[in-house]
Amino acid sequence: MSLSSAAAQPVLSPGIPCWVELASPDIAEAEAFYNGLFGWSFELKRDPATSDGRYSLASLGGFSVGGLYRAAASQPPGWTVHLSVHNTAGAAEWVEHLGGVVTLGPVEIPNRGTIVHALDPTGTPIVFWQPLANWEFAAGAPNTFSGADLNTTDGAVADQFYSRLFNYNVHHIGGENIDYAEWRLDHQPVLYRYVMGPEYRPGTPAHWMVYFEVDPARGADAAAGHALMLGGSVIVQPYDTPFGRVAVLADPHGSVFSVIDHSRVIEAQYSGAEVDDPYDD
């Protein structure tokens, strides 16, 4: 898929991932890392929702692919998923009605729409975005967003919260002793939910694992090696799954994400991986 064909049309359906962003303690270093790894360029924008009023808009080939902002002093660094909503005020009411907590907003972002920051009932940070009609988010092409897993300790609570918000259909796809579910809209996969197993240390907070596509000509193995050269780390060495070949990486400040090569798949039921805890310091 070319990058131009991956640029999203206006996001209309609630519950569709419409943005990803990174909270980082050092924006300049983060920009250098992701520019080197994915070829992203950055443009400074004004954003009233960030601690310093600044926002670094990432793009690739002229298409928006995500954002970076300086993490507040008390905020752990990491990637967060944004989901599209028709109305942020209504979404905020539903979040609290369903047991979540609104932590910010609604806040209007100049020329970009309105957002609400929240914690779902499992404690996972999530952002709901009411985008403008000309919203653009490149996804599904090399070096852009590919998908996300919600890694949690309570799959039933997460399934109920998000399916009631967005009418997701929950399909359990994990193998024996693997609690892994696919959330679908109109029979199409939207997101995935995983109950963290023994590979995570007790007390690991619920979090999003964001995946970025890599070109098959490059592959997940080469991307992992490149991340090391750029000052990042390889949390989980590349391994094969029914979805593609995956490597779990971290940037120089420890923000964890995954890269995936969808051309490398195995014909087997999802069985998880014997991995180290990505959030073990």
# chains A, B, ... in the order shown; residues from 1 in each chain; ligands from 1
>>> residues_around(residues="stretch 262-264 of chain A", least_positions_apart="6", cutoff="8 Å", atoms="only C-alpha atoms", output="ChimeraX atom specification")
/A:213,216,240,243-245
>>> closest_residue(among="A:Thr80, A:Ser255, A:Ser64, A:Ser59", to="A:Gly147", atoms="only C-alpha atoms")
A:Thr80
>>> atom_distance(atom1="atom CA of A:Asn134", atom2="atom CA of A:Ala32")
28.5 Å
>>> closest_residue(among="A:Glu136, A:Val265, A:Val101, A:Leu165", to="A:Leu185", atoms="only C-alpha atoms")
A:Leu165
>>> residues_around(residues="A:Val127", least_positions_apart="2", cutoff="9 Å", atoms="only C-alpha atoms", output="JSON, numbers by chain")
{"A": [80, 81, 82, 83, 84, 115, 116, 117, 118, 119, 125, 129]}
>>> write_last_selection(atoms="N, CA and C atoms", output="JSON list (two decimals), in the first residue's frame")
[["chain", "number", "residue", "atom", "x", "y", "z"],
["A", 80, "THR", "N", -0.08, 6.72, 23.28],
["A", 80, "THR", "CA", -1.51, 6.64, 23.58],
["A", 80, "THR", "C", -2.31, 6.65, 22.28],
["A", 81, "VAL", "N", -3.40, 5.90, 22.28],
["A", 81, "VAL", "CA", -4.30, 5.83, 21.12],
["A", 81, "VAL", "C", -5.43, 6.83, 21.29],
["A", 82, "HIS", "N", -5.88, 7.43, 20.18],
["A", 82, "HIS", "CA", -7.05, 8.29, 20.16],
["A", 82, "HIS", "C", -8.15, 7.61, 19.35],
["A", 83, "LEU", "N", -9.37, 7.66, 19.87],
["A", 83, "LEU", "CA", -10.51, 7.08, 19.18],
["A", 83, "LEU", "C", -11.49, 8.17, 18.77],
["A", 84, "SER", "N", -12.04, 8.03, 17.58],
["A", 84, "SER", "CA", -12.95, 9.03, 17.04],
["A", 84, "SER", "C", -14.30, 8.98, 17.73],
["A", 115, "ILE", "N", -10.90, 17.40, 22.02],
["A", 115, "ILE", "CA", -10.44, 16.16, 22.63],
["A", 115, "ILE", "C", -10.91, 16.05, 24.08],
["A", 116, "VAL", "N", -10.97, 14.80, 24.54],
["A", 116, "VAL", "CA", -11.19, 14.47, 25.95],
["A", 116, "VAL", "C", -10.17, 13.41, 26.33],
["A", 117, "HIS", "N", -9.42, 13.65, 27.40],
["A", 117, "HIS", "CA", -8.52, 12.65, 27.95],
["A", 117, "HIS", "C", -9.25, 11.92, 29.08],
["A", 118, "ALA", "N", -9.04, 10.62, 29.16],
["A", 118, "ALA", "CA", -9.74, 9.83, 30.18],
["A", 118, "ALA", "C", -8.91, 8.62, 30.59],
["A", 119, "LEU", "N", -9.34, 8.00, 31.68],
["A", 119, "LEU", "CA", -8.86, 6.68, 32.07],
["A", 119, "LEU", "C", -10.05, 5.73, 31.99],
["A", 125, "PRO", "N", -4.93, 4.96, 30.00],
["A", 125, "PRO", "CA", -5.17, 6.27, 29.40],
["A", 125, "PRO", "C", -5.73, 6.11, 27.98],
["A", 129, "TRP", "N", -11.43, 11.82, 20.39],
["A", 129, "TRP", "CA", -11.21, 12.97, 19.52],
["A", 129, "TRP", "C", -12.41, 13.17, 18.61]]
>>> select_by_dssp(residues="stretch 67-220 of chain A", states="alpha helix (DSSP H)", output="PyMOL selection string")
chain A and resi 88-97+155-166+219-220
>>> residues_around(residues="A:Val85", least_positions_apart="3", cutoff="8 Å", atoms="only C-alpha atoms", output="list of chain:residue names")
A:Leu12, A:Ser13, A:Pro14, A:Gly15, A:Thr88, A:Ala91, A:Phe128, A:Trp129, A:Gln130, A:Pro131
>>> closest_residue(among="A:Ala138, A:Ile260, A:Ile109, A:Met229", to="A:Phe63", atoms="only C-alpha atoms")
A:Ala138
>>> select_by_dssp(residues="stretch 55-273 of chain A", states="strand (DSSP E or B)", output="short mmCIF file (atom, residue, chain, number, x, y, z; two decimals) with N, CA, C and O atoms, in the first residue's frame")
data_model
loop_
_atom_site.label_atom_id
_atom_site.label_comp_id
_atom_site.auth_asym_id
_atom_site.auth_seq_id
_atom_site.Cartn_x
_atom_site.Cartn_y
_atom_site.Cartn_z
N TYR A 55 3.17 21.41 20.66
CA TYR A 55 2.87 20.09 20.14
C TYR A 55 3.68 19.88 18.87
O TYR A 55 3.72 20.76 17.99
N SER A 56 4.33 18.74 18.74
CA SER A 56 5.14 18.42 17.57
C SER A 56 4.37 17.48 16.67
O SER A 56 4.14 16.31 17.03
N LEU A 57 3.94 17.97 15.53
CA LEU A 57 3.13 17.20 14.58
C LEU A 57 4.04 16.42 13.64
O LEU A 57 4.85 16.99 12.92
N ALA A 58 3.93 15.11 13.66
CA ALA A 58 4.76 14.24 12.84
C ALA A 58 4.09 13.97 11.50
O ALA A 58 2.87 13.75 11.43
N SER A 59 4.89 13.96 10.44
CA SER A 59 4.35 13.68 9.11
C SER A 59 5.34 12.84 8.32
O SER A 59 6.54 12.79 8.62
N LEU A 60 4.82 12.19 7.30
CA LEU A 60 5.63 11.37 6.40
C LEU A 60 5.10 11.56 4.99
O LEU A 60 3.92 11.31 4.73
N PHE A 63 1.91 13.59 4.79
CA PHE A 63 0.71 13.13 5.49
C PHE A 63 0.97 13.03 6.98
O PHE A 63 2.03 12.57 7.42
N SER A 64 0.00 13.44 7.78
CA SER A 64 0.12 13.40 9.23
C SER A 64 0.09 11.95 9.73
O SER A 64 -0.75 11.16 9.31
N VAL A 65 1.03 11.62 10.64
CA VAL A 65 1.12 10.24 11.13
C VAL A 65 1.03 10.14 12.65
O VAL A 65 0.90 9.03 13.19
N GLY A 66 1.09 11.26 13.38
CA GLY A 66 1.02 11.21 14.83
C GLY A 66 1.56 12.48 15.43
O GLY A 66 1.81 13.47 14.72
N GLY A 67 1.73 12.47 16.75
CA GLY A 67 2.19 13.67 17.43
C GLY A 67 3.05 13.35 18.63
O GLY A 67 2.98 12.24 19.19
N LEU A 68 3.85 14.34 19.04
CA LEU A 68 4.70 14.24 20.22
C LEU A 68 4.48 15.48 21.07
O LEU A 68 4.30 16.57 20.54
N TYR A 69 4.51 15.30 22.39
CA TYR A 69 4.44 16.46 23.27
C TYR A 69 5.24 16.17 24.54
O TYR A 69 5.53 15.00 24.86
N ARG A 70 5.60 17.24 25.26
CA ARG A 70 6.41 17.07 26.45
C ARG A 70 5.54 16.54 27.60
O ARG A 70 4.51 17.13 27.93
N GLY A 78 5.09 7.57 27.13
CA GLY A 78 4.49 6.45 26.43
C GLY A 78 3.54 6.88 25.33
O GLY A 78 3.16 8.04 25.23
N TRP A 79 3.17 5.91 24.51
CA TRP A 79 2.26 6.11 23.40
C TRP A 79 0.81 5.90 23.84
O TRP A 79 0.52 5.03 24.65
N THR A 80 -0.08 6.72 23.28
CA THR A 80 -1.51 6.64 23.58
C THR A 80 -2.31 6.65 22.28
O THR A 80 -1.94 7.34 21.32
N VAL A 81 -3.40 5.90 22.28
CA VAL A 81 -4.30 5.83 21.12
C VAL A 81 -5.43 6.83 21.29
O VAL A 81 -5.92 7.06 22.39
N HIS A 82 -5.88 7.43 20.18
CA HIS A 82 -7.05 8.29 20.16
C HIS A 82 -8.15 7.61 19.35
O HIS A 82 -7.88 7.06 18.28
N LEU A 83 -9.37 7.66 19.87
CA LEU A 83 -10.51 7.08 19.18
C LEU A 83 -11.49 8.17 18.77
O LEU A 83 -11.75 9.10 19.53
N SER A 84 -12.04 8.03 17.58
CA SER A 84 -12.95 9.03 17.04
C SER A 84 -14.30 8.98 17.73
O SER A 84 -14.83 7.89 18.02
N VAL A 101 -12.90 7.63 34.09
CA VAL A 101 -12.62 8.93 34.71
C VAL A 101 -12.13 9.89 33.63
O VAL A 101 -11.18 9.58 32.90
N VAL A 102 -12.77 11.04 33.53
CA VAL A 102 -12.30 12.09 32.62
C VAL A 102 -11.20 12.87 33.32
O VAL A 102 -11.38 13.37 34.43
N THR A 103 -10.04 12.98 32.69
CA THR A 103 -8.90 13.67 33.29
C THR A 103 -8.63 15.03 32.66
O THR A 103 -7.93 15.85 33.25
N LEU A 104 -9.20 15.28 31.48
CA LEU A 104 -9.00 16.57 30.81
C LEU A 104 -10.06 16.76 29.74
O LEU A 104 -10.34 15.84 28.96
N GLY A 105 -10.64 17.98 29.70
CA GLY A 105 -11.49 18.32 28.59
C GLY A 105 -12.98 18.24 28.90
O GLY A 105 -13.37 18.00 30.05
N PRO A 106 -13.75 18.50 27.81
CA PRO A 106 -13.31 18.69 26.43
C PRO A 106 -12.48 19.96 26.22
O PRO A 106 -12.75 20.99 26.83
N VAL A 107 -11.47 19.86 25.36
CA VAL A 107 -10.60 20.97 25.01
C VAL A 107 -10.57 21.09 23.49
O VAL A 107 -10.37 20.09 22.79
N GLU A 108 -10.74 22.31 23.01
CA GLU A 108 -10.67 22.54 21.57
C GLU A 108 -9.22 22.79 21.16
O GLU A 108 -8.54 23.64 21.74
N ILE A 109 -8.76 22.06 20.16
CA ILE A 109 -7.42 22.22 19.62
C ILE A 109 -7.53 23.03 18.33
O ILE A 109 -8.28 22.65 17.43
N GLY A 113 -9.90 20.11 16.02
CA GLY A 113 -11.04 19.45 16.62
C GLY A 113 -11.03 19.58 18.13
O GLY A 113 -10.38 20.46 18.70
N THR A 114 -11.75 18.69 18.80
CA THR A 114 -11.92 18.74 20.25
C THR A 114 -11.56 17.39 20.85
O THR A 114 -11.88 16.34 20.28
N ILE A 115 -10.90 17.40 22.02
CA ILE A 115 -10.44 16.16 22.63
C ILE A 115 -10.91 16.05 24.08
O ILE A 115 -11.20 17.05 24.74
N VAL A 116 -10.97 14.80 24.54
CA VAL A 116 -11.19 14.47 25.95
C VAL A 116 -10.17 13.41 26.33
O VAL A 116 -10.04 12.39 25.64
N HIS A 117 -9.42 13.65 27.40
CA HIS A 117 -8.52 12.65 27.95
C HIS A 117 -9.25 11.92 29.08
O HIS A 117 -9.96 12.54 29.87
N ALA A 118 -9.04 10.62 29.16
CA ALA A 118 -9.74 9.83 30.18
C ALA A 118 -8.91 8.62 30.59
O ALA A 118 -7.90 8.28 29.94
N LEU A 119 -9.34 8.00 31.68
CA LEU A 119 -8.86 6.68 32.07
C LEU A 119 -10.05 5.73 31.99
O LEU A 119 -11.13 6.03 32.52
N PRO A 125 -4.93 4.96 30.00
CA PRO A 125 -5.17 6.27 29.40
C PRO A 125 -5.73 6.11 27.98
O PRO A 125 -5.29 5.26 27.21
N ILE A 126 -6.70 6.95 27.66
CA ILE A 126 -7.33 6.93 26.34
C ILE A 126 -7.76 8.35 26.01
O ILE A 126 -8.14 9.11 26.90
N VAL A 127 -7.69 8.70 24.73
CA VAL A 127 -8.13 10.02 24.28
C VAL A 127 -9.25 9.84 23.28
O VAL A 127 -9.17 8.99 22.38
N PHE A 128 -10.31 10.62 23.44
CA PHE A 128 -11.42 10.64 22.49
C PHE A 128 -11.36 11.94 21.71
O PHE A 128 -11.24 13.02 22.30
N TRP A 129 -11.43 11.82 20.39
CA TRP A 129 -11.21 12.97 19.52
C TRP A 129 -12.41 13.17 18.61
O TRP A 129 -12.84 12.25 17.92
N GLN A 130 -12.93 14.38 18.62
CA GLN A 130 -13.97 14.78 17.68
C GLN A 130 -13.28 15.56 16.58
O GLN A 130 -13.01 16.75 16.71
N PRO A 131 -12.94 14.90 15.47
CA PRO A 131 -12.10 15.54 14.45
C PRO A 131 -12.90 16.47 13.56
O PRO A 131 -14.13 16.38 13.45
N ALA A 138 -2.55 9.22 8.34
CA ALA A 138 -2.01 8.17 7.50
C ALA A 138 -1.79 6.91 8.33
O ALA A 138 -1.22 6.96 9.42
N ALA A 139 -2.26 5.79 7.81
CA ALA A 139 -2.13 4.52 8.52
C ALA A 139 -2.09 3.38 7.52
O ALA A 139 -2.60 3.49 6.40
N PHE A 145 1.10 4.07 11.53
CA PHE A 145 0.30 3.28 12.47
C PHE A 145 -0.31 2.07 11.79
O PHE A 145 -0.86 2.15 10.69
N SER A 146 -0.22 0.92 12.48
CA SER A 146 -0.78 -0.32 11.95
C SER A 146 -1.91 -0.86 12.80
O SER A 146 -2.84 -1.47 12.28
N GLY A 147 -1.86 -0.63 14.11
CA GLY A 147 -2.89 -1.15 15.00
C GLY A 147 -2.45 -1.00 16.44
O GLY A 147 -1.39 -0.46 16.73
N ALA A 148 -3.28 -1.50 17.37
CA ALA A 148 -2.95 -1.36 18.79
C ALA A 148 -3.63 -2.44 19.59
O ALA A 148 -4.74 -2.88 19.28
N ASP A 149 -2.94 -2.87 20.64
CA ASP A 149 -3.49 -3.76 21.66
C ASP A 149 -3.70 -2.98 22.94
O ASP A 149 -2.83 -2.20 23.34
N LEU A 150 -4.82 -3.22 23.59
CA LEU A 150 -5.00 -2.76 24.97
C LEU A 150 -4.55 -3.88 25.88
O LEU A 150 -5.17 -4.94 25.93
N ASN A 151 -3.44 -3.68 26.57
CA ASN A 151 -2.92 -4.67 27.51
C ASN A 151 -3.44 -4.33 28.90
O ASN A 151 -3.15 -3.27 29.44
N THR A 152 -4.20 -5.24 29.49
CA THR A 152 -4.91 -4.94 30.72
C THR A 152 -4.89 -6.15 31.66
O THR A 152 -4.41 -7.23 31.28
N ASN A 169 -18.09 -5.48 18.53
CA ASN A 169 -18.33 -6.91 18.70
C ASN A 169 -17.03 -7.54 19.19
O ASN A 169 -15.97 -7.34 18.58
N VAL A 170 -17.10 -8.27 20.28
CA VAL A 170 -15.92 -8.85 20.90
C VAL A 170 -15.77 -10.30 20.45
O VAL A 170 -16.67 -11.12 20.66
N HIS A 171 -14.63 -10.63 19.84
CA HIS A 171 -14.35 -11.99 19.38
C HIS A 171 -13.08 -12.48 20.06
O HIS A 171 -12.01 -11.89 19.87
N HIS A 172 -13.19 -13.55 20.82
CA HIS A 172 -12.03 -14.09 21.52
C HIS A 172 -11.23 -14.96 20.55
O HIS A 172 -11.77 -15.91 19.96
N TYR A 180 -7.12 -13.22 24.74
CA TYR A 180 -6.85 -12.23 23.69
C TYR A 180 -8.12 -12.07 22.87
O TYR A 180 -8.74 -13.07 22.46
N ALA A 181 -8.55 -10.83 22.65
CA ALA A 181 -9.81 -10.58 21.95
C ALA A 181 -9.63 -9.55 20.85
O ALA A 181 -8.76 -8.67 20.93
N GLU A 182 -10.44 -9.68 19.83
CA GLU A 182 -10.46 -8.74 18.71
C GLU A 182 -11.76 -7.95 18.78
O GLU A 182 -12.84 -8.53 18.88
N TRP A 183 -11.66 -6.63 18.76
CA TRP A 183 -12.83 -5.77 18.76
C TRP A 183 -13.14 -5.38 17.32
O TRP A 183 -12.26 -4.86 16.60
N ARG A 184 -14.38 -5.59 16.88
CA ARG A 184 -14.76 -5.36 15.49
C ARG A 184 -15.91 -4.38 15.38
O ARG A 184 -16.79 -4.31 16.24
N LEU A 185 -15.91 -3.64 14.29
CA LEU A 185 -17.03 -2.81 13.86
C LEU A 185 -17.39 -3.21 12.44
O LEU A 185 -16.49 -3.25 11.57
N GLN A 188 -15.23 -5.76 10.80
CA GLN A 188 -13.84 -5.44 10.53
C GLN A 188 -13.08 -5.24 11.84
O GLN A 188 -13.57 -4.54 12.74
N PRO A 189 -11.88 -5.81 11.97
CA PRO A 189 -11.08 -5.58 13.19
C PRO A 189 -10.75 -4.11 13.36
O PRO A 189 -10.39 -3.42 12.40
N VAL A 190 -10.87 -3.64 14.59
CA VAL A 190 -10.57 -2.24 14.92
C VAL A 190 -9.40 -2.16 15.90
O VAL A 190 -8.44 -1.43 15.68
N LEU A 191 -9.49 -2.93 16.99
CA LEU A 191 -8.46 -2.96 18.02
C LEU A 191 -8.41 -4.36 18.62
O LEU A 191 -9.28 -5.19 18.36
N TYR A 192 -7.38 -4.57 19.45
CA TYR A 192 -7.23 -5.86 20.13
C TYR A 192 -7.05 -5.61 21.62
O TYR A 192 -6.57 -4.56 22.05
N ARG A 193 -7.47 -6.61 22.40
CA ARG A 193 -7.36 -6.53 23.87
C ARG A 193 -6.71 -7.80 24.40
O ARG A 193 -7.10 -8.91 24.06
N TYR A 194 -5.68 -7.61 25.22
CA TYR A 194 -4.92 -8.73 25.77
C TYR A 194 -4.85 -8.63 27.28
O TYR A 194 -4.56 -7.56 27.83
N VAL A 195 -5.16 -9.73 27.98
CA VAL A 195 -4.97 -9.78 29.42
C VAL A 195 -3.53 -10.21 29.69
O VAL A 195 -3.12 -11.30 29.29
N HIS A 207 -2.03 -0.54 29.67
CA HIS A 207 -1.40 0.37 28.72
C HIS A 207 -1.74 -0.06 27.29
O HIS A 207 -2.19 -1.19 27.06
N TRP A 208 -1.48 0.82 26.35
CA TRP A 208 -1.64 0.52 24.93
C TRP A 208 -0.30 0.08 24.35
O TRP A 208 0.73 0.69 24.64
N MET A 209 -0.32 -0.95 23.54
CA MET A 209 0.82 -1.31 22.72
C MET A 209 0.50 -0.89 21.28
O MET A 209 -0.40 -1.46 20.64
N VAL A 210 1.20 0.13 20.82
CA VAL A 210 0.97 0.66 19.48
C VAL A 210 1.92 -0.02 18.50
O VAL A 210 3.11 -0.19 18.79
N TYR A 211 1.39 -0.41 17.35
CA TYR A 211 2.17 -1.08 16.31
C TYR A 211 2.35 -0.15 15.12
O TYR A 211 1.40 0.52 14.69
N PHE A 212 3.57 -0.14 14.57
CA PHE A 212 3.87 0.58 13.35
C PHE A 212 4.30 -0.41 12.27
O PHE A 212 5.07 -1.34 12.54
N GLU A 213 3.79 -0.19 11.07
CA GLU A 213 4.09 -1.07 9.93
C GLU A 213 5.53 -0.84 9.46
O GLU A 213 6.03 0.29 9.46
N SER A 233 16.12 0.52 22.39
CA SER A 233 16.39 -0.82 22.87
C SER A 233 15.39 -1.80 22.28
O SER A 233 14.30 -1.41 21.85
N VAL A 234 15.78 -3.06 22.25
CA VAL A 234 14.91 -4.14 21.80
C VAL A 234 14.40 -4.85 23.05
O VAL A 234 15.15 -5.51 23.75
N ILE A 235 13.11 -4.71 23.32
CA ILE A 235 12.51 -5.32 24.50
C ILE A 235 12.21 -6.78 24.26
O ILE A 235 12.46 -7.63 25.11
N VAL A 236 11.66 -7.08 23.09
CA VAL A 236 11.40 -8.46 22.68
C VAL A 236 11.98 -8.66 21.29
O VAL A 236 11.62 -7.92 20.36
N GLN A 237 12.87 -9.62 21.15
CA GLN A 237 13.47 -9.90 19.85
C GLN A 237 12.39 -10.27 18.84
O GLN A 237 11.33 -10.80 19.20
N PRO A 238 12.63 -10.02 17.55
CA PRO A 238 11.63 -10.34 16.54
C PRO A 238 11.15 -11.79 16.61
O PRO A 238 11.94 -12.71 16.81
N TYR A 239 9.83 -11.97 16.50
CA TYR A 239 9.23 -13.30 16.55
C TYR A 239 8.03 -13.33 15.60
O TYR A 239 7.45 -12.30 15.25
N ASP A 240 7.67 -14.53 15.17
CA ASP A 240 6.60 -14.71 14.19
C ASP A 240 5.27 -14.94 14.88
O ASP A 240 5.18 -15.63 15.90
N THR A 241 4.21 -14.36 14.30
CA THR A 241 2.84 -14.52 14.80
C THR A 241 1.92 -14.73 13.60
O THR A 241 2.32 -14.53 12.45
N GLY A 244 1.92 -11.42 11.64
CA GLY A 244 3.13 -10.93 11.01
C GLY A 244 4.31 -11.09 11.95
O GLY A 244 4.18 -11.57 13.07
N ARG A 245 5.48 -10.70 11.47
CA ARG A 245 6.69 -10.76 12.30
C ARG A 245 6.79 -9.47 13.10
O ARG A 245 6.76 -8.37 12.55
N VAL A 246 6.93 -9.62 14.42
CA VAL A 246 6.82 -8.50 15.36
C VAL A 246 8.10 -8.37 16.16
O VAL A 246 8.74 -9.37 16.52
N ALA A 247 8.48 -7.12 16.47
CA ALA A 247 9.52 -6.84 17.45
C ALA A 247 8.99 -5.75 18.37
O ALA A 247 8.34 -4.80 17.92
N VAL A 248 9.25 -5.90 19.66
CA VAL A 248 8.85 -4.89 20.64
C VAL A 248 10.08 -4.06 20.97
O VAL A 248 11.12 -4.59 21.39
N LEU A 249 9.96 -2.75 20.76
CA LEU A 249 11.09 -1.83 20.89
C LEU A 249 10.78 -0.75 21.91
O LEU A 249 9.66 -0.61 22.37
N ALA A 250 11.79 0.02 22.26
CA ALA A 250 11.61 1.18 23.12
C ALA A 250 12.51 2.29 22.61
O ALA A 250 13.63 2.03 22.13
N VAL A 256 7.58 2.31 24.98
CA VAL A 256 7.52 1.01 24.32
C VAL A 256 6.53 1.06 23.16
O VAL A 256 5.44 1.64 23.26
N PHE A 257 6.90 0.43 22.05
CA PHE A 257 6.02 0.29 20.89
C PHE A 257 6.46 -0.96 20.14
O PHE A 257 7.49 -1.58 20.48
N SER A 258 5.70 -1.35 19.13
CA SER A 258 6.05 -2.52 18.34
C SER A 258 6.12 -2.16 16.86
O SER A 258 5.44 -1.23 16.40
N VAL A 259 6.91 -2.92 16.14
CA VAL A 259 6.91 -2.86 14.68
C VAL A 259 6.46 -4.21 14.16
O VAL A 259 6.71 -5.25 14.80
N ILE A 260 5.78 -4.20 13.02
CA ILE A 260 5.24 -5.45 12.47
C ILE A 260 5.40 -5.48 10.96
O ILE A 260 5.18 -4.48 10.27
N ASP A 261 5.81 -6.62 10.47
CA ASP A 261 5.90 -6.91 9.04
C ASP A 261 4.79 -7.90 8.71
O ASP A 261 4.90 -9.09 9.03
N VAL A 265 3.85 -14.14 8.13
CA VAL A 265 2.85 -14.70 9.02
C VAL A 265 3.06 -16.19 9.16
O VAL A 265 3.66 -16.84 8.30
#
>>> atom_distance(atom1="atom CA of A:Pro76", atom2="atom CA of A:Gly254")
9.7 Å
>>> atom_distance(atom1="atom CA of A:Gly174", atom2="atom CA of A:Pro242")
11.2 Å
